$ cat model-v2.cif   # mmCIF, C-alpha atoms and all ligand atoms
data_structure
loop_
_atom_site.label_atom_id
_atom_site.label_comp_id
_atom_site.auth_asym_id
_atom_site.auth_seq_id
_atom_site.Cartn_x
_atom_site.Cartn_y
_atom_site.Cartn_z
CA MET A 1 -24.85 -2.15 25.31
CA PRO A 2 -25.98 -5.31 23.41
CA PRO A 3 -26.37 -4.82 19.63
CA PRO A 4 -29.92 -3.91 18.58
CA ASP A 5 -31.89 -7.07 17.76
CA PHE A 6 -32.48 -6.23 14.13
CA LEU A 7 -28.81 -5.73 13.25
CA PRO A 8 -27.26 -9.24 13.11
CA ALA A 9 -29.78 -10.40 10.51
CA LEU A 10 -28.85 -7.50 8.24
CA LEU A 11 -25.07 -7.61 8.39
CA ARG A 12 -22.92 -9.37 5.83
CA PRO A 13 -21.77 -12.61 7.48
CA GLU A 14 -18.15 -11.81 6.52
CA LEU A 15 -18.16 -8.83 8.92
CA ALA A 16 -17.98 -11.30 11.84
CA GLU A 17 -14.37 -12.07 10.85
CA LEU A 18 -13.30 -8.41 10.35
CA HIS A 19 -12.14 -5.74 12.81
CA ALA A 20 -12.19 -1.96 12.44
CA TYR A 21 -8.76 -0.54 11.62
CA THR A 22 -7.37 0.88 14.87
CA PRO A 23 -3.74 1.99 14.92
CA VAL A 24 -1.91 1.58 18.25
CA ALA A 25 -2.99 4.48 20.46
CA GLY A 26 -0.75 6.31 22.90
CA GLN A 27 2.12 8.72 23.03
CA PHE A 28 5.40 7.56 21.50
CA ALA A 29 8.51 9.68 21.10
CA VAL A 30 9.23 7.95 17.80
CA ARG A 31 6.57 6.38 15.53
CA LEU A 32 8.05 4.07 12.91
CA ASP A 33 4.95 1.93 12.46
CA ALA A 34 2.91 3.25 9.51
CA ASN A 35 5.28 3.56 6.51
CA GLU A 36 4.66 7.28 6.28
CA SER A 37 7.48 9.52 5.10
CA PRO A 38 9.35 11.54 7.73
CA PRO A 39 8.82 15.33 7.49
CA LEU A 40 11.44 16.14 4.86
CA LEU A 41 9.63 18.76 2.76
CA SER A 42 11.20 22.22 2.91
CA ALA A 43 9.42 25.15 4.58
CA GLU A 44 8.98 26.72 1.11
CA ALA A 45 7.34 23.58 -0.27
CA ARG A 46 5.02 23.35 2.73
CA ALA A 47 4.05 27.01 2.36
CA ALA A 48 3.41 26.58 -1.37
CA LEU A 49 1.22 23.54 -0.67
CA ALA A 50 -0.76 25.47 1.93
CA ARG A 51 -1.40 28.22 -0.66
CA ALA A 52 -2.36 25.68 -3.32
CA VAL A 53 -5.09 23.91 -1.32
CA ALA A 54 -7.66 26.66 -0.89
CA PRO A 55 -10.67 26.31 -3.22
CA GLU A 56 -11.87 29.34 -5.19
CA ASP A 57 -15.33 28.77 -3.70
CA TRP A 58 -15.77 26.74 -0.48
CA GLY A 59 -19.44 26.27 -1.30
CA ARG A 60 -18.94 24.21 -4.46
CA TYR A 61 -18.41 20.48 -4.86
CA PRO A 62 -15.04 19.32 -6.24
CA ASP A 63 -14.54 18.68 -9.96
CA ALA A 64 -16.23 15.27 -10.17
CA ARG A 65 -14.00 14.27 -13.11
CA MET A 66 -10.82 15.41 -11.32
CA LEU A 67 -9.41 16.57 -14.62
CA GLU A 68 -6.53 18.69 -13.33
CA LEU A 69 -5.41 15.96 -10.93
CA ARG A 70 -5.71 13.17 -13.47
CA GLU A 71 -3.73 15.19 -16.01
CA ALA A 72 -0.94 15.73 -13.48
CA ILE A 73 -0.93 12.01 -12.58
CA ALA A 74 -1.01 10.96 -16.22
CA ALA A 75 1.96 13.18 -17.05
CA ARG A 76 3.94 11.56 -14.22
CA CYS A 77 3.05 8.00 -15.25
CA GLY A 78 3.36 8.30 -19.04
CA ALA A 79 -0.37 7.62 -19.44
CA GLU A 80 -3.47 9.44 -20.67
CA PRO A 81 -5.91 11.05 -18.19
CA ASP A 82 -8.64 8.57 -19.16
CA GLU A 83 -6.31 5.72 -18.09
CA ILE A 84 -6.27 7.09 -14.51
CA LEU A 85 -8.77 6.42 -11.72
CA ALA A 86 -8.04 8.54 -8.64
CA GLY A 87 -9.31 7.86 -5.15
CA ALA A 88 -9.11 8.81 -1.49
CA GLY A 89 -5.91 6.81 -1.14
CA SER A 90 -5.25 3.62 -3.02
CA ASP A 91 -7.37 1.95 -0.33
CA GLU A 92 -10.42 3.51 -1.93
CA VAL A 93 -9.30 2.47 -5.41
CA ILE A 94 -8.97 -1.13 -4.17
CA ALA A 95 -12.49 -0.95 -2.71
CA THR A 96 -13.87 0.52 -5.94
CA LEU A 97 -12.37 -2.15 -8.15
CA LEU A 98 -13.49 -4.97 -5.87
CA THR A 99 -17.03 -3.57 -5.88
CA ALA A 100 -17.05 -3.49 -9.66
CA LEU A 101 -15.24 -6.76 -10.41
CA SER A 102 -17.28 -9.04 -8.18
CA ARG A 103 -19.29 -11.16 -10.60
CA PRO A 104 -18.92 -14.84 -9.58
CA ARG A 105 -17.43 -17.10 -12.25
CA PRO A 106 -20.03 -19.49 -13.72
CA GLY A 107 -20.76 -22.19 -11.15
CA ALA A 108 -18.91 -20.44 -8.29
CA PRO A 109 -20.88 -19.17 -5.27
CA ALA A 110 -18.75 -16.00 -4.98
CA ALA A 111 -15.99 -14.17 -6.84
CA SER A 112 -12.41 -14.59 -5.58
CA VAL A 113 -9.18 -12.70 -5.33
CA VAL A 114 -5.71 -14.25 -5.17
CA THR A 115 -2.81 -12.61 -3.42
CA VAL A 116 0.29 -13.55 -1.44
CA THR A 117 1.03 -13.69 2.26
CA PRO A 118 2.38 -11.75 4.00
CA THR A 119 1.18 -8.70 2.10
CA PHE A 120 -0.90 -5.55 2.46
CA VAL A 121 -3.99 -6.61 4.43
CA MET A 122 -6.48 -4.39 2.60
CA TYR A 123 -6.63 -6.74 -0.38
CA ARG A 124 -8.14 -9.42 1.83
CA LEU A 125 -10.18 -7.11 4.08
CA SER A 126 -11.68 -5.16 1.20
CA ALA A 127 -12.48 -8.39 -0.64
CA ARG A 128 -14.12 -10.00 2.39
CA ALA A 129 -16.16 -6.87 3.13
CA ARG A 130 -17.69 -7.24 -0.33
CA GLY A 131 -18.32 -10.98 -0.08
CA LEU A 132 -15.39 -12.06 -2.30
CA ARG A 133 -13.25 -15.03 -1.27
CA ALA A 134 -9.57 -14.32 -0.63
CA VAL A 135 -6.92 -16.94 -1.41
CA GLU A 136 -3.46 -16.17 -0.04
CA VAL A 137 -0.36 -17.98 -1.32
CA PRO A 138 2.70 -17.86 0.99
CA LEU A 139 5.79 -16.11 -0.40
CA ASP A 140 8.86 -18.30 -0.84
CA PRO A 141 11.69 -18.32 1.75
CA SER A 142 13.32 -15.27 0.10
CA TRP A 143 9.96 -13.39 0.25
CA ASP A 144 9.60 -13.63 -3.55
CA LEU A 145 6.64 -15.03 -5.50
CA ASP A 146 6.02 -18.79 -5.31
CA VAL A 147 5.11 -19.18 -8.97
CA ALA A 148 3.94 -22.82 -8.77
CA GLY A 149 1.71 -22.01 -5.76
CA LEU A 150 0.25 -18.94 -7.43
CA VAL A 151 -0.41 -20.69 -10.74
CA ARG A 152 -2.20 -23.48 -8.87
CA ALA A 153 -4.25 -20.94 -6.88
CA VAL A 154 -5.21 -19.11 -10.08
CA GLU A 155 -6.27 -22.37 -11.75
CA LEU A 156 -8.31 -23.53 -8.75
CA ALA A 157 -9.84 -20.25 -7.56
CA ARG A 158 -10.32 -18.62 -11.00
CA PRO A 159 -9.93 -15.20 -9.37
CA ASN A 160 -11.38 -12.01 -10.74
CA VAL A 161 -8.44 -10.01 -9.37
CA VAL A 162 -4.84 -10.92 -8.47
CA PHE A 163 -3.00 -8.48 -6.18
CA ILE A 164 0.80 -8.32 -6.15
CA ALA A 165 2.51 -5.51 -4.24
CA SER A 166 6.02 -4.79 -5.51
CA PRO A 167 7.86 -3.64 -3.45
CA ASN A 168 5.78 -5.69 -1.08
CA ASN A 169 4.52 -4.58 2.32
CA PRO A 170 5.68 -5.76 4.89
CA THR A 171 8.70 -7.52 3.35
CA GLY A 172 10.14 -4.63 1.28
CA ALA A 173 11.05 -6.98 -1.58
CA LEU A 174 10.60 -6.21 -5.26
CA MET A 175 9.06 -9.22 -6.96
CA SER A 176 11.25 -10.81 -9.66
CA ARG A 177 10.15 -9.71 -13.11
CA ASP A 178 10.26 -13.24 -14.58
CA ARG A 179 8.11 -14.63 -11.74
CA LEU A 180 5.64 -11.78 -12.09
CA GLU A 181 5.37 -12.51 -15.82
CA ALA A 182 4.82 -16.21 -15.13
CA VAL A 183 1.88 -15.31 -12.88
CA LEU A 184 0.56 -12.90 -15.50
CA ALA A 185 0.72 -15.60 -18.14
CA ALA A 186 -1.37 -17.87 -15.90
CA ALA A 187 -3.92 -15.19 -14.99
CA GLN A 188 -4.79 -13.79 -18.39
CA ASP A 189 -8.53 -13.74 -17.73
CA ALA A 190 -8.18 -11.90 -14.40
CA LEU A 191 -7.28 -8.30 -13.62
CA VAL A 192 -3.75 -8.31 -12.18
CA ILE A 193 -3.02 -5.36 -9.94
CA VAL A 194 0.65 -4.52 -9.46
CA ASP A 195 0.62 -2.29 -6.40
CA GLU A 196 3.56 0.12 -6.55
CA ALA A 197 2.80 2.11 -3.39
CA TYR A 198 6.54 2.06 -2.53
CA ILE A 199 7.97 2.48 -6.02
CA ASP A 200 9.62 5.83 -5.26
CA PHE A 201 12.15 3.93 -3.12
CA ALA A 202 12.91 1.23 -5.71
CA PRO A 203 15.30 1.11 -8.68
CA HIS A 204 12.72 0.30 -11.38
CA ASP A 205 8.96 0.04 -11.87
CA GLN A 206 6.62 -2.28 -13.76
CA LEU A 207 4.51 0.26 -15.62
CA ALA A 208 5.78 -1.16 -18.94
CA LEU A 209 3.96 -4.45 -18.21
CA ARG A 210 0.76 -2.63 -19.14
CA ARG A 211 1.91 -2.43 -22.72
CA THR A 212 2.42 -6.20 -23.00
CA TYR A 213 -0.43 -7.41 -20.78
CA PRO A 214 -3.77 -5.59 -21.23
CA ASN A 215 -5.05 -7.18 -18.00
CA VAL A 216 -2.46 -5.39 -15.83
CA ALA A 217 -3.19 -2.22 -13.88
CA VAL A 218 -0.78 -0.42 -11.58
CA LEU A 219 -1.62 1.23 -8.25
CA ARG A 220 0.26 4.26 -6.94
CA THR A 221 -0.14 6.65 -4.00
CA LEU A 222 1.16 9.92 -2.62
CA SER A 223 0.94 8.53 0.92
CA LYS A 224 4.46 7.15 1.15
CA ILE A 225 6.30 10.20 -0.19
CA GLY A 226 5.33 12.80 2.35
CA LEU A 227 1.68 13.52 1.49
CA ALA A 228 -0.30 10.88 3.42
CA SER A 229 -2.56 13.59 4.87
CA LEU A 230 -4.04 14.24 1.40
CA ARG A 231 -5.35 10.68 0.90
CA VAL A 232 -4.66 10.57 -2.83
CA GLY A 233 -3.94 7.34 -4.68
CA TRP A 234 -4.67 6.11 -8.19
CA LEU A 235 -4.85 3.26 -10.65
CA VAL A 236 -3.22 3.36 -14.10
CA GLY A 237 -5.00 0.92 -16.39
CA ALA A 238 -6.84 0.36 -19.64
CA ARG A 239 -9.35 3.14 -20.40
CA GLU A 240 -12.15 0.54 -20.76
CA LEU A 241 -11.43 -0.63 -17.19
CA VAL A 242 -11.27 2.92 -15.86
CA ALA A 243 -14.59 3.77 -17.55
CA GLU A 244 -16.30 0.85 -15.78
CA LEU A 245 -14.72 1.62 -12.39
CA ASP A 246 -15.83 5.22 -12.80
CA LYS A 247 -19.45 4.02 -12.62
CA VAL A 248 -18.81 2.75 -9.08
CA ARG A 249 -16.62 5.63 -7.85
CA GLN A 250 -18.39 8.17 -5.64
CA PRO A 251 -18.71 11.35 -7.74
CA TYR A 252 -16.85 13.65 -5.33
CA ASN A 253 -14.53 11.14 -3.71
CA VAL A 254 -11.43 13.35 -3.49
CA PRO A 255 -11.99 16.71 -1.76
CA VAL A 256 -10.93 19.97 -3.43
CA PRO A 257 -7.97 20.68 -1.09
CA SER A 258 -6.57 17.20 -1.75
CA GLN A 259 -7.09 17.41 -5.50
CA ARG A 260 -5.42 20.79 -5.65
CA ALA A 261 -2.50 20.01 -3.36
CA ALA A 262 -1.86 16.69 -5.10
CA ALA A 263 -1.91 18.24 -8.59
CA PHE A 264 0.38 21.02 -7.38
CA ALA A 265 2.80 18.59 -5.73
CA LEU A 266 2.96 16.37 -8.82
CA ARG A 267 3.56 19.33 -11.14
CA GLU A 268 5.75 21.63 -9.04
CA LEU A 269 7.36 19.64 -6.23
CA ASP A 270 8.69 16.69 -8.18
CA GLY A 271 12.34 17.55 -7.38
CA GLU A 272 11.63 17.93 -3.66
CA LEU A 273 9.66 14.70 -3.48
CA ARG A 274 12.42 12.82 -5.28
CA SER A 275 15.15 14.21 -3.06
CA ALA A 276 13.12 13.37 0.08
CA ALA A 277 12.77 9.80 -1.24
CA ALA A 278 16.53 9.66 -1.90
CA THR A 279 17.18 10.77 1.70
CA VAL A 280 14.90 7.97 2.95
CA VAL A 281 16.74 5.45 0.75
CA SER A 282 20.15 6.47 2.08
CA GLU A 283 18.85 6.37 5.68
CA ARG A 284 17.31 2.95 4.94
CA GLU A 285 20.69 1.62 3.86
CA ARG A 286 22.42 3.07 6.93
CA LEU A 287 19.73 1.70 9.26
CA ALA A 288 19.97 -1.72 7.61
CA ARG A 289 23.76 -1.82 8.11
CA GLU A 290 23.51 -0.72 11.74
CA LEU A 291 20.74 -3.20 12.56
CA ALA A 292 22.76 -5.97 10.93
CA GLY A 293 25.66 -4.78 13.08
CA LEU A 294 23.49 -5.51 16.12
CA GLY A 295 23.24 -9.10 14.91
CA LEU A 296 19.73 -8.80 13.46
CA GLU A 297 18.76 -10.27 10.09
CA VAL A 298 17.62 -7.53 7.73
CA ALA A 299 15.97 -8.47 4.42
CA PRO A 300 17.01 -6.40 1.36
CA SER A 301 14.42 -3.61 1.08
CA HIS A 302 13.30 -1.47 -1.85
CA ALA A 303 10.71 0.38 0.21
CA ASN A 304 10.71 2.98 2.99
CA PHE A 305 10.84 0.35 5.74
CA LEU A 306 12.90 -2.65 6.79
CA TRP A 307 11.81 -6.24 7.43
CA VAL A 308 13.84 -7.28 10.40
CA GLY A 309 14.31 -10.74 11.89
CA THR A 310 14.59 -10.78 15.69
CA ARG A 311 16.38 -13.30 17.90
CA ARG A 312 13.76 -13.05 20.66
CA PRO A 313 10.05 -13.40 19.82
CA ALA A 314 9.08 -10.26 17.92
CA GLY A 315 6.18 -9.52 20.29
CA GLU A 316 8.65 -9.16 23.18
CA VAL A 317 10.96 -6.86 21.24
CA PHE A 318 7.96 -4.82 20.08
CA GLU A 319 6.73 -4.38 23.67
CA ALA A 320 10.20 -3.51 24.96
CA LEU A 321 10.69 -0.89 22.23
CA ALA A 322 7.21 0.55 22.85
CA ALA A 323 7.95 0.81 26.58
CA ARG A 324 11.00 2.85 25.59
CA GLY A 325 8.94 5.20 23.43
CA VAL A 326 9.61 3.67 20.00
CA LEU A 327 6.65 2.25 18.09
CA VAL A 328 7.31 -0.21 15.25
CA ARG A 329 5.03 -2.83 13.67
CA SER A 330 4.99 -6.44 14.77
CA PHE A 331 3.38 -9.33 12.93
CA HIS A 332 3.89 -11.92 15.67
CA ALA A 333 0.15 -12.53 16.04
CA ALA A 334 0.23 -14.27 12.65
CA GLY A 335 2.71 -16.80 14.08
CA GLY A 336 4.89 -19.10 11.97
CA ARG A 337 7.80 -17.33 10.27
CA LEU A 338 6.32 -13.95 11.18
CA ALA A 339 6.73 -14.65 14.90
CA ARG A 340 10.24 -13.19 14.77
CA ARG A 341 9.73 -10.32 12.35
CA LEU A 342 9.30 -6.59 12.81
CA ARG A 343 8.58 -3.96 10.18
CA ILE A 344 10.42 -0.74 10.89
CA THR A 345 9.61 2.42 8.91
CA VAL A 346 12.62 4.58 8.08
CA GLY A 347 12.37 7.87 9.98
CA LEU A 348 14.44 10.99 10.33
CA ARG A 349 18.12 10.39 11.09
CA GLU A 350 17.63 11.22 14.79
CA GLU A 351 14.58 8.93 15.02
CA ASN A 352 16.55 6.09 13.46
CA ASP A 353 19.40 6.73 15.91
CA ARG A 354 16.95 6.51 18.80
CA LEU A 355 15.57 3.25 17.42
CA LEU A 356 19.09 1.84 17.11
CA ALA A 357 19.97 2.82 20.68
CA GLU A 358 16.80 1.24 22.10
CA MET A 359 17.14 -1.82 19.88
CA ALA A 360 20.69 -2.35 21.14
CA ALA A 361 19.24 -2.40 24.65
CA CYS A 362 16.37 -4.78 24.03
CA ALA A 363 16.93 -6.96 20.95
C1 LIG B 401 1.14 -1.97 -0.61
C2 LIG B 401 0.23 -0.85 -0.20
N1 LIG B 401 -0.71 -0.44 -1.05
C3 LIG B 401 -1.56 0.55 -0.73
C4 LIG B 401 -1.48 1.19 0.49
C5 LIG B 401 -2.51 2.22 0.82
O1 LIG B 401 -2.11 3.47 0.54
P1 LIG B 401 -3.08 4.71 0.58
O2 LIG B 401 -2.59 5.55 1.71
O3 LIG B 401 -2.90 5.36 -0.75
O4 LIG B 401 -4.48 4.22 0.78
C6 LIG B 401 -0.51 0.81 1.41
C7 LIG B 401 -0.43 1.48 2.71
O5 LIG B 401 0.23 1.09 3.62
C8 LIG B 401 0.37 -0.25 1.06
O6 LIG B 401 1.29 -0.70 1.92
#
$ encode --input "model-v2.cif" --output "structure tokens"
Amino acid sequence: MPPPDFLPALLRPELAELHAYTPVAGQFAVRLDANESPPLLSAEARAALARAVAPEDWGRYPDARMLELREAIAARCGAEPDEILAGAGSDEVIATLLTALSRPRPGAPAASVVTVTPTFVMYRLSARARGLRAVEVPLDPSWDLDVAGLVRAVELARPNVVFIASPNNPTGALMSRDRLEAVLAAAQDALVIVDEAYIDFAPHDQLALRRTYPNVAVLRTLSKIGLASLRVGWLVGARELVAELDKVRQPYNVPVPSQRAAAFALRELDGELRSAAATVVSERERLARELAGLGLEVAPSHANFLWVGTRRPAGEVFEALAARGVLVRSFHAAGGRLARRLRITVGLREENDRLLAEMAACA
């Protein structure tokens, strides 16, 4: 059916360049495409979570201030509850902060964000959907920050927000601390978001940067450590920032079952979550060695996935693996140096073995 006549004139022009998020459909024996955690929680932990979720009264809205959840998050991050903004996944937190921080700089037609490429696509998509410009600076050949390029982009674009994921998605690399600080020094009048979605798989975090740089906020999520179904993510930042973002946040954005399960998991399941992450890390290292043994180039990863260079065009390897029931993520459509790269989420041991067997047959 053609779109109704009235619609095009009402839509934001930027929507013409966006597509709805549609994960690959179909049945796959092994799905290693979405950076979720494999099912490693014990039966006891799963039963305890199921008991924790039920609201006392199904007829009432959630706690709009999310006090219990924000206290549990704050305790985990060494922060105060009023330094935490929680959302339906960190995706929602990104959307909230881009809605709030969208005032164009004097003389500029629109506000901008600066980020790197390749990186998590929601920074750009969420910015474009709100009419902000998105400037993407390519990572250097070792997938680390190109400081000179970023400093230039910050000077030219005068962004409101700079997004740096560390470990980065899809490359798995932690950004060097000295390079990150050089970017921070250049972007002192912007909000710099250090996205630590994958920090549970890395040796150290950057939360301490908040103490030195008041313009830094850190993003975290439960999605990568076995609780993606809850859709709970958060920002840790200055209380003045959180108070402003709170004006934009929908009052009941995180449902009761998610608030309760997340608070319970943070308080009571810390040991389980950490040991599941440690299992993923040891599987990641094994998978990396075995893939390298197949002659593939594997970038050092501090996340729950690997960034793998293929000899054949990545699109062909992706299709061949999918035909054999193993779904991974390919970035070949972007071309250039991504044309021979796959991102492979670390799964259960048997899923990783299946991937290795199929990869040996089609890489
Ligand atoms: C770097 C990064 N940040 C944030 C997210 C979004 O996480 P959430 O599930 O909390 O929205 C992802 C998800 O893939 C990610 O890779």
$ closest_residue --input "model-v2.cif" --among "A:Gly89, A:Pro313, A:Pro214, A:Gly295" --to "ligand LIG 401 (chain B)" --atoms "only C-alpha atoms and all ligand atoms"
A:Gly89
$ residues_near_ligand --input "model-v2.cif" --ligand "ligand LIG 401 (chain B)" --cutoff "6 Å" --atoms "all atoms listed in the file" --output "PyMOL selection string"
chain A and resi 89-91+120+165+168-169+195+197+221+223+231-233
$ atom_distance --input "model-v2.cif" --atom1 "CA of Leu342 in chain A" --atom2 "CA of Val308 in chain A"
5.2 Å
$ closest_residue --input "model-v2.cif" --among "A:Leu174, A:Leu41, A:Leu227, A:Ala323" --to "Ser258 in chain A" --atoms "only C-alpha atoms"
A:Leu227
$ residues_around --input "model-v2.cif" --residues "range 10-14 of chain A" --least-positions-apart "4" --cutoff "12 Å" --atoms "all atoms listed in the file" --output "PDB file with C-alpha atoms, in the frame of the given file"
ATOM      1  CA  PRO A   3     -26.370  -4.820  19.630  1.00  0.00           C
ATOM      2  CA  PRO A   4     -29.920  -3.910  18.580  1.00  0.00           C
ATOM      3  CA  ASP A   5     -31.890  -7.070  17.760  1.00  0.00           C
ATOM      4  CA  PHE A   6     -32.480  -6.230  14.130  1.00  0.00           C
ATOM      5  CA  LEU A  18     -13.300  -8.410  10.350  1.00  0.00           C
ATOM      6  CA  HIS A  19     -12.140  -5.740  12.810  1.00  0.00           C
ATOM      7  CA  ARG A 124      -8.140  -9.420   1.830  1.00  0.00           C
ATOM      8  CA  LEU A 125     -10.180  -7.110   4.080  1.00  0.00           C
ATOM      9  CA  SER A 126     -11.680  -5.160   1.200  1.00  0.00           C
ATOM     10  CA  ALA A 127     -12.480  -8.390  -0.640  1.00  0.00           C
ATOM     11  CA  ARG A 128     -14.120 -10.000   2.390  1.00  0.00           C
ATOM     12  CA  ALA A 129     -16.160  -6.870   3.130  1.00  0.00           C
ATOM     13  CA  ARG A 130     -17.690  -7.240  -0.330  1.00  0.00           C
ATOM     14  CA  GLY A 131     -18.320 -10.980  -0.080  1.00  0.00           C
ATOM     15  CA  LEU A 132     -15.390 -12.060  -2.300  1.00  0.00           C
ATOM     16  CA  ARG A 133     -13.250 -15.030  -1.270  1.00  0.00           C
ATOM     17  CA  ALA A 134      -9.570 -14.320  -0.630  1.00  0.00           C
TER      18      ALA A 134
END
$ residues_around --input "model-v2.cif" --residues "Trp234 in chain A" --least-positions-apart "6" --cutoff "6 Å" --atoms "only C-alpha atoms" --output "PyMOL selection string"
chain A and resi 85-87+90+219-220
$ residues_around --input "model-v2.cif" --residues "Ser102 in chain A" --least-positions-apart "2" --cutoff "7 Å" --atoms "all atoms listed in the file" --output "list in words"
Leu98, Thr99, Ala100, Pro104, Ala111 and Leu132 of chain A
$ write_last_selection --input "model-v2.cif" --atoms "C-alpha atoms" --output "mmCIF file, in the coordinates of the input"
data_model
loop_
_atom_site.group_PDB
_atom_site.id
_atom_site.type_symbol
_atom_site.label_atom_id
_atom_site.label_comp_id
_atom_site.auth_asym_id
_atom_site.auth_seq_id
_atom_site.Cartn_x
_atom_site.Cartn_y
_atom_site.Cartn_z
ATOM 1 C CA LEU A 98 -13.490 -4.970 -5.870
ATOM 2 C CA THR A 99 -17.030 -3.570 -5.880
ATOM 3 C CA ALA A 100 -17.050 -3.490 -9.660
ATOM 4 C CA PRO A 104 -18.920 -14.840 -9.580
ATOM 5 C CA ALA A 111 -15.990 -14.170 -6.840
ATOM 6 C CA LEU A 132 -15.390 -12.060 -2.300
#
$ closest_residue --input "model-v2.cif" --among "A:Leu235, A:Val298, A:Val114, A:Val137" --to "Leu207 in chain A" --atoms "all atoms listed in the file"
A:Leu235
$ closest_residue --input "model-v2.cif" --among "A:Ala110, A:Ala265, A:Ala186, A:Val256" --to "Ala54 in chain A" --atoms "all atoms listed in the file"
A:Val256
$ atom_distance --input "model-v2.cif" --atom1 "CA of Ala361 in chain A" --atom2 "CA of Trp143 in chain A"
28.3 Å
$ closest_residue --input "model-v2.cif" --among "A:Pro300, A:Asp270, A:Ala190, A:Phe28" --to "Glu155 in chain A" --atoms "all atoms listed in the file"
A:Ala190
$ residues_near_point --input "model-v2.cif" --point "(-1.8, -7.6, -12.5)" --cutoff "6 Å" --atoms "all atoms listed in the file" --output "PDB file with C-alpha atoms, in the coordinates of the input"
ATOM      1  CA  LEU A 191      -7.280  -8.300 -13.620  1.00  0.00           C
ATOM      2  CA  VAL A 192      -3.750  -8.310 -12.180  1.00  0.00           C
ATOM      3  CA  ILE A 193      -3.020  -5.360  -9.940  1.00  0.00           C
ATOM      4  CA  VAL A 194       0.650  -4.520  -9.460  1.00  0.00           C
ATOM      5  CA  VAL A 216      -2.460  -5.390 -15.830  1.00  0.00           C
ATOM      6  CA  ALA A 217      -3.190  -2.220 -13.880  1.00  0.00           C
TER       7      ALA A 217
END
$ closest_residue --input "model-v2.cif" --among "A:Ala299, A:Met66, A:Leu269, A:Ala262" --to "Gly172 in chain A" --atoms "only C-alpha atoms"
A:Ala299
$ atom_distance --input "model-v2.cif" --atom1 "CA of Asp146 in chain A" --atom2 "CA of Val116 in chain A"
8.7 Å
$ residues_around --input "model-v2.cif" --residues "Lys224 in chain A" --least-positions-apart "4" --cutoff "9 Å" --atoms "all atoms listed in the file" --output "PyMOL selection string"
chain A and resi 35-37+197-198+200+228+304
$ write_last_selection --input "model-v2.cif" --atoms "C-alpha atoms" --output "mmCIF file, in the coordinates of the input"
data_model
loop_
_atom_site.group_PDB
_atom_site.id
_atom_site.type_symbol
_atom_site.label_atom_id
_atom_site.label_comp_id
_atom_site.auth_asym_id
_atom_site.auth_seq_id
_atom_site.Cartn_x
_atom_site.Cartn_y
_atom_site.Cartn_z
ATOM 1 C CA ASN A 35 5.280 3.560 6.510
ATOM 2 C CA GLU A 36 4.660 7.280 6.280
ATOM 3 C CA SER A 37 7.480 9.520 5.100
ATOM 4 C CA ALA A 197 2.800 2.110 -3.390
ATOM 5 C CA TYR A 198 6.540 2.060 -2.530
ATOM 6 C CA ASP A 200 9.620 5.830 -5.260
ATOM 7 C CA ALA A 228 -0.300 10.880 3.420
ATOM 8 C CA ASN A 304 10.710 2.980 2.990
#
$ residues_around --input "model-v2.cif" --residues "Arg343 in chain A" --least-positions-apart "2" --cutoff "6 Å" --atoms "all atoms listed in the file" --output "PyMOL selection string"
chain A and resi 306-307+329
